[in-house]
Amino acid sequence: DLIAHRLFSEKYNKLPVALLGHSLGEFSALSASGAMDYLDAIELVHQRGLLMKKACEGLNAGMMALLGLDDESVETLTCKQRELGKKVWAANYNGDGQIVIAGNKEDLSALEPLFKEAGAKKAVLLSMSVASHCPLLSSAQETLGIYLEQWVKNSFCAPIISNVTASEYSTKEDAKELLKSQLISPVKYK
């Protein structure tokens, strides 16, 4: 993302109207906006990954991609399963009929037949050891906030579209709150 942005900017000398990026890409958008130095963004993303890994240690965390089910069905099924003690949440709303859920791998696997029975064309457990964009990452929020305070500037050449709210922001304070929230909130990217 950043390399393409840099090449485009060098050739055309145009400022963006707004910037966005899916999940990790929101940090690229911050760097492209001038709100973070390139190397600081790389370090922040690295630290974020370490925090996510630590938050998921011992939780058998993972993610599952679902194809062919509408958002409301996925939300209803995961909510009902959480009421039964399962650790599963809708994590990435990527487009109509394509959603990723996060949680405990055993719980995700156990739900595969339910999703297929509800009409999912495919339910694929992803090869991951973290459960992104769900409450399992809440222990990482405070430390991520410290890093954001250190590396995010209060100068944006264009607003960023938040993964959490799907609305624009352009201040350091908003970036800190929204990116901490992004750890435990679903990505609304459609």
# chains A, B, ... in the order shown; residues from 1 in each chain; ligands from 1
$ residues_around --residues "stretch 160-175 of chain A" --least-positions-apart "4" --cutoff "8 Å" --atoms "only C-alpha atoms" --output "VMD selection string"
chain A and resid 18 to 23 26 29 to 30 33 35 148 to 149 152 to 156 179 181 to 182 185 to 189
$ write_last_selection --atoms "C-alpha atoms" --output "PDB file, in the first residue's frame"
ATOM      1  CA  ALA A  18      -9.206  10.401   2.175  1.00  0.00           C
ATOM      2  CA  LEU A  19      -7.276   7.241   2.971  1.00  0.00           C
ATOM      3  CA  LEU A  20      -8.320   3.799   4.145  1.00  0.00           C
ATOM      4  CA  GLY A  21      -6.862   0.372   4.671  1.00  0.00           C
ATOM      5  CA  HIS A  22      -8.248  -2.959   5.804  1.00  0.00           C
ATOM      6  CA  SER A  23      -7.179  -3.841   9.369  1.00  0.00           C
ATOM      7  CA  GLU A  26      -5.197   1.396   8.425  1.00  0.00           C
ATOM      8  CA  ALA A  29      -3.143   4.857   5.634  1.00  0.00           C
ATOM      9  CA  LEU A  30      -1.859   6.735   8.692  1.00  0.00           C
ATOM     10  CA  SER A  33      -1.468  10.687   5.505  1.00  0.00           C
ATOM     11  CA  ALA A  35       0.427  11.133  10.624  1.00  0.00           C
ATOM     12  CA  LEU A 148       0.184   5.154  19.395  1.00  0.00           C
ATOM     13  CA  GLU A 149       0.817   8.094  21.727  1.00  0.00           C
ATOM     14  CA  VAL A 152       1.229   9.090  15.825  1.00  0.00           C
ATOM     15  CA  LYS A 153       1.481  12.792  14.979  1.00  0.00           C
ATOM     16  CA  ASN A 154      -1.345  15.285  14.911  1.00  0.00           C
ATOM     17  CA  SER A 155      -0.873  16.260  11.273  1.00  0.00           C
ATOM     18  CA  PHE A 156      -2.899  14.493   8.590  1.00  0.00           C
ATOM     19  CA  LEU A 179      -6.973   1.954  16.650  1.00  0.00           C
ATOM     20  CA  SER A 181     -10.826  -0.133  19.574  1.00  0.00           C
ATOM     21  CA  GLN A 182      -9.965  -1.731  16.223  1.00  0.00           C
ATOM     22  CA  SER A 185     -14.043  -4.468  17.055  1.00  0.00           C
ATOM     23  CA  PRO A 186     -15.043  -5.919  13.706  1.00  0.00           C
ATOM     24  CA  VAL A 187     -13.729  -4.378  10.494  1.00  0.00           C
ATOM     25  CA  LYS A 188     -16.595  -2.755   8.587  1.00  0.00           C
ATOM     26  CA  TYR A 189     -15.046  -2.768   5.155  1.00  0.00           C
TER      27      TYR A 189
END
$ residues_around --residues "stretch 8-11 of chain A" --least-positions-apart "5" --cutoff "12 Å" --atoms "only C-alpha atoms" --output "PyMOL selection string"
chain A and resi 1-3+16+32-33
$ select_by_dssp --residues "stretch 7-144 of chain A" --states "alpha helix (DSSP H)" --output "ChimeraX atom specification"
/A:7-12,25-32,38-56,71-83,105-117,141-144
$ residues_around --residues "A:Leu137" --least-positions-apart "3" --cutoff "8 Å" --atoms "only C-alpha atoms" --output "number ranges by chain"
A: 52, 55-56, 131-134, 140-141, 183-184
$ select_by_dssp --residues "chain A" --states "strand (DSSP E or B)" --output "PyMOL selection string"
chain A and resi 19+61-67+88-95+98-104+122-125+160-161+168-169+187-188
$ atom_distance --atom1 "atom CA of A:Gly85" --atom2 "atom CA of A:Asp107"
9.3 Å
$ decode --residues "stretch 34-53 of chain A" --atoms "N, CA and C atoms" --output "PDB file, in the first residue's frame"
ATOM      1  N   GLY A  34       0.713  11.135   6.473  1.00  0.00           N
ATOM      2  CA  GLY A  34       1.710  11.955   7.137  1.00  0.00           C
ATOM      3  C   GLY A  34       1.598  11.940   8.652  1.00  0.00           C
ATOM      4  N   ALA A  35       0.629  11.195   9.172  1.00  0.00           N
ATOM      5  CA  ALA A  35       0.427  11.133  10.624  1.00  0.00           C
ATOM      6  C   ALA A  35       1.420  10.205  11.321  1.00  0.00           C
ATOM      7  N   MET A  36       2.176   9.439  10.537  1.00  0.00           N
ATOM      8  CA  MET A  36       3.226   8.571  11.091  1.00  0.00           C
ATOM      9  C   MET A  36       4.379   8.516  10.107  1.00  0.00           C
ATOM     10  N   ASP A  37       5.591   8.479  10.636  1.00  0.00           N
ATOM     11  CA  ASP A  37       6.748   8.235   9.783  1.00  0.00           C
ATOM     12  C   ASP A  37       6.708   6.778   9.328  1.00  0.00           C
ATOM     13  N   TYR A  38       7.234   6.530   8.147  1.00  0.00           N
ATOM     14  CA  TYR A  38       7.220   5.197   7.556  1.00  0.00           C
ATOM     15  C   TYR A  38       7.829   4.148   8.501  1.00  0.00           C
ATOM     16  N   LEU A  39       9.029   4.411   9.017  1.00  0.00           N
ATOM     17  CA  LEU A  39       9.692   3.435   9.886  1.00  0.00           C
ATOM     18  C   LEU A  39       8.964   3.264  11.210  1.00  0.00           C
ATOM     19  N   ASP A  40       8.377   4.334  11.716  1.00  0.00           N
ATOM     20  CA  ASP A  40       7.577   4.223  12.937  1.00  0.00           C
ATOM     21  C   ASP A  40       6.353   3.343  12.698  1.00  0.00           C
ATOM     22  N   ALA A  41       5.754   3.472  11.529  1.00  0.00           N
ATOM     23  CA  ALA A  41       4.592   2.637  11.190  1.00  0.00           C
ATOM     24  C   ALA A  41       4.982   1.162  11.151  1.00  0.00           C
ATOM     25  N   ILE A  42       6.146   0.879  10.582  1.00  0.00           N
ATOM     26  CA  ILE A  42       6.618  -0.510  10.541  1.00  0.00           C
ATOM     27  C   ILE A  42       6.838  -1.037  11.952  1.00  0.00           C
ATOM     28  N   GLU A  43       7.473  -0.236  12.798  1.00  0.00           N
ATOM     29  CA  GLU A  43       7.718  -0.666  14.178  1.00  0.00           C
ATOM     30  C   GLU A  43       6.396  -0.838  14.936  1.00  0.00           C
ATOM     31  N   LEU A  44       5.463   0.080  14.716  1.00  0.00           N
ATOM     32  CA  LEU A  44       4.170  -0.009  15.397  1.00  0.00           C
ATOM     33  C   LEU A  44       3.419  -1.276  14.988  1.00  0.00           C
ATOM     34  N   VAL A  45       3.432  -1.576  13.719  1.00  0.00           N
ATOM     35  CA  VAL A  45       2.764  -2.794  13.233  1.00  0.00           C
ATOM     36  C   VAL A  45       3.429  -4.030  13.837  1.00  0.00           C
ATOM     37  N   HIS A  46       4.748  -4.001  13.926  1.00  0.00           N
ATOM     38  CA  HIS A  46       5.464  -5.125  14.545  1.00  0.00           C
ATOM     39  C   HIS A  46       5.049  -5.280  16.011  1.00  0.00           C
ATOM     40  N   GLN A  47       5.049  -4.190  16.744  1.00  0.00           N
ATOM     41  CA  GLN A  47       4.661  -4.233  18.156  1.00  0.00           C
ATOM     42  C   GLN A  47       3.208  -4.676  18.317  1.00  0.00           C
ATOM     43  N   ARG A  48       2.340  -4.193  17.437  1.00  0.00           N
ATOM     44  CA  ARG A  48       0.925  -4.601  17.464  1.00  0.00           C
ATOM     45  C   ARG A  48       0.817  -6.113  17.301  1.00  0.00           C
ATOM     46  N   GLY A  49       1.569  -6.668  16.366  1.00  0.00           N
ATOM     47  CA  GLY A  49       1.559  -8.115  16.154  1.00  0.00           C
ATOM     48  C   GLY A  49       2.015  -8.885  17.381  1.00  0.00           C
ATOM     49  N   LEU A  50       3.073  -8.381  18.030  1.00  0.00           N
ATOM     50  CA  LEU A  50       3.552  -9.031  19.251  1.00  0.00           C
ATOM     51  C   LEU A  50       2.504  -8.964  20.358  1.00  0.00           C
ATOM     52  N   LEU A  51       1.841  -7.820  20.484  1.00  0.00           N
ATOM     53  CA  LEU A  51       0.791  -7.675  21.496  1.00  0.00           C
ATOM     54  C   LEU A  51      -0.372  -8.626  21.222  1.00  0.00           C
ATOM     55  N   MET A  52      -0.743  -8.767  19.952  1.00  0.00           N
ATOM     56  CA  MET A  52      -1.834  -9.671  19.585  1.00  0.00           C
ATOM     57  C   MET A  52      -1.460 -11.119  19.895  1.00  0.00           C
ATOM     58  N   LYS A  53      -0.232 -11.464  19.557  1.00  0.00           N
ATOM     59  CA  LYS A  53       0.241 -12.829  19.832  1.00  0.00           C
ATOM     60  C   LYS A  53       0.201 -13.118  21.331  1.00  0.00           C
TER      61      LYS A  53
END
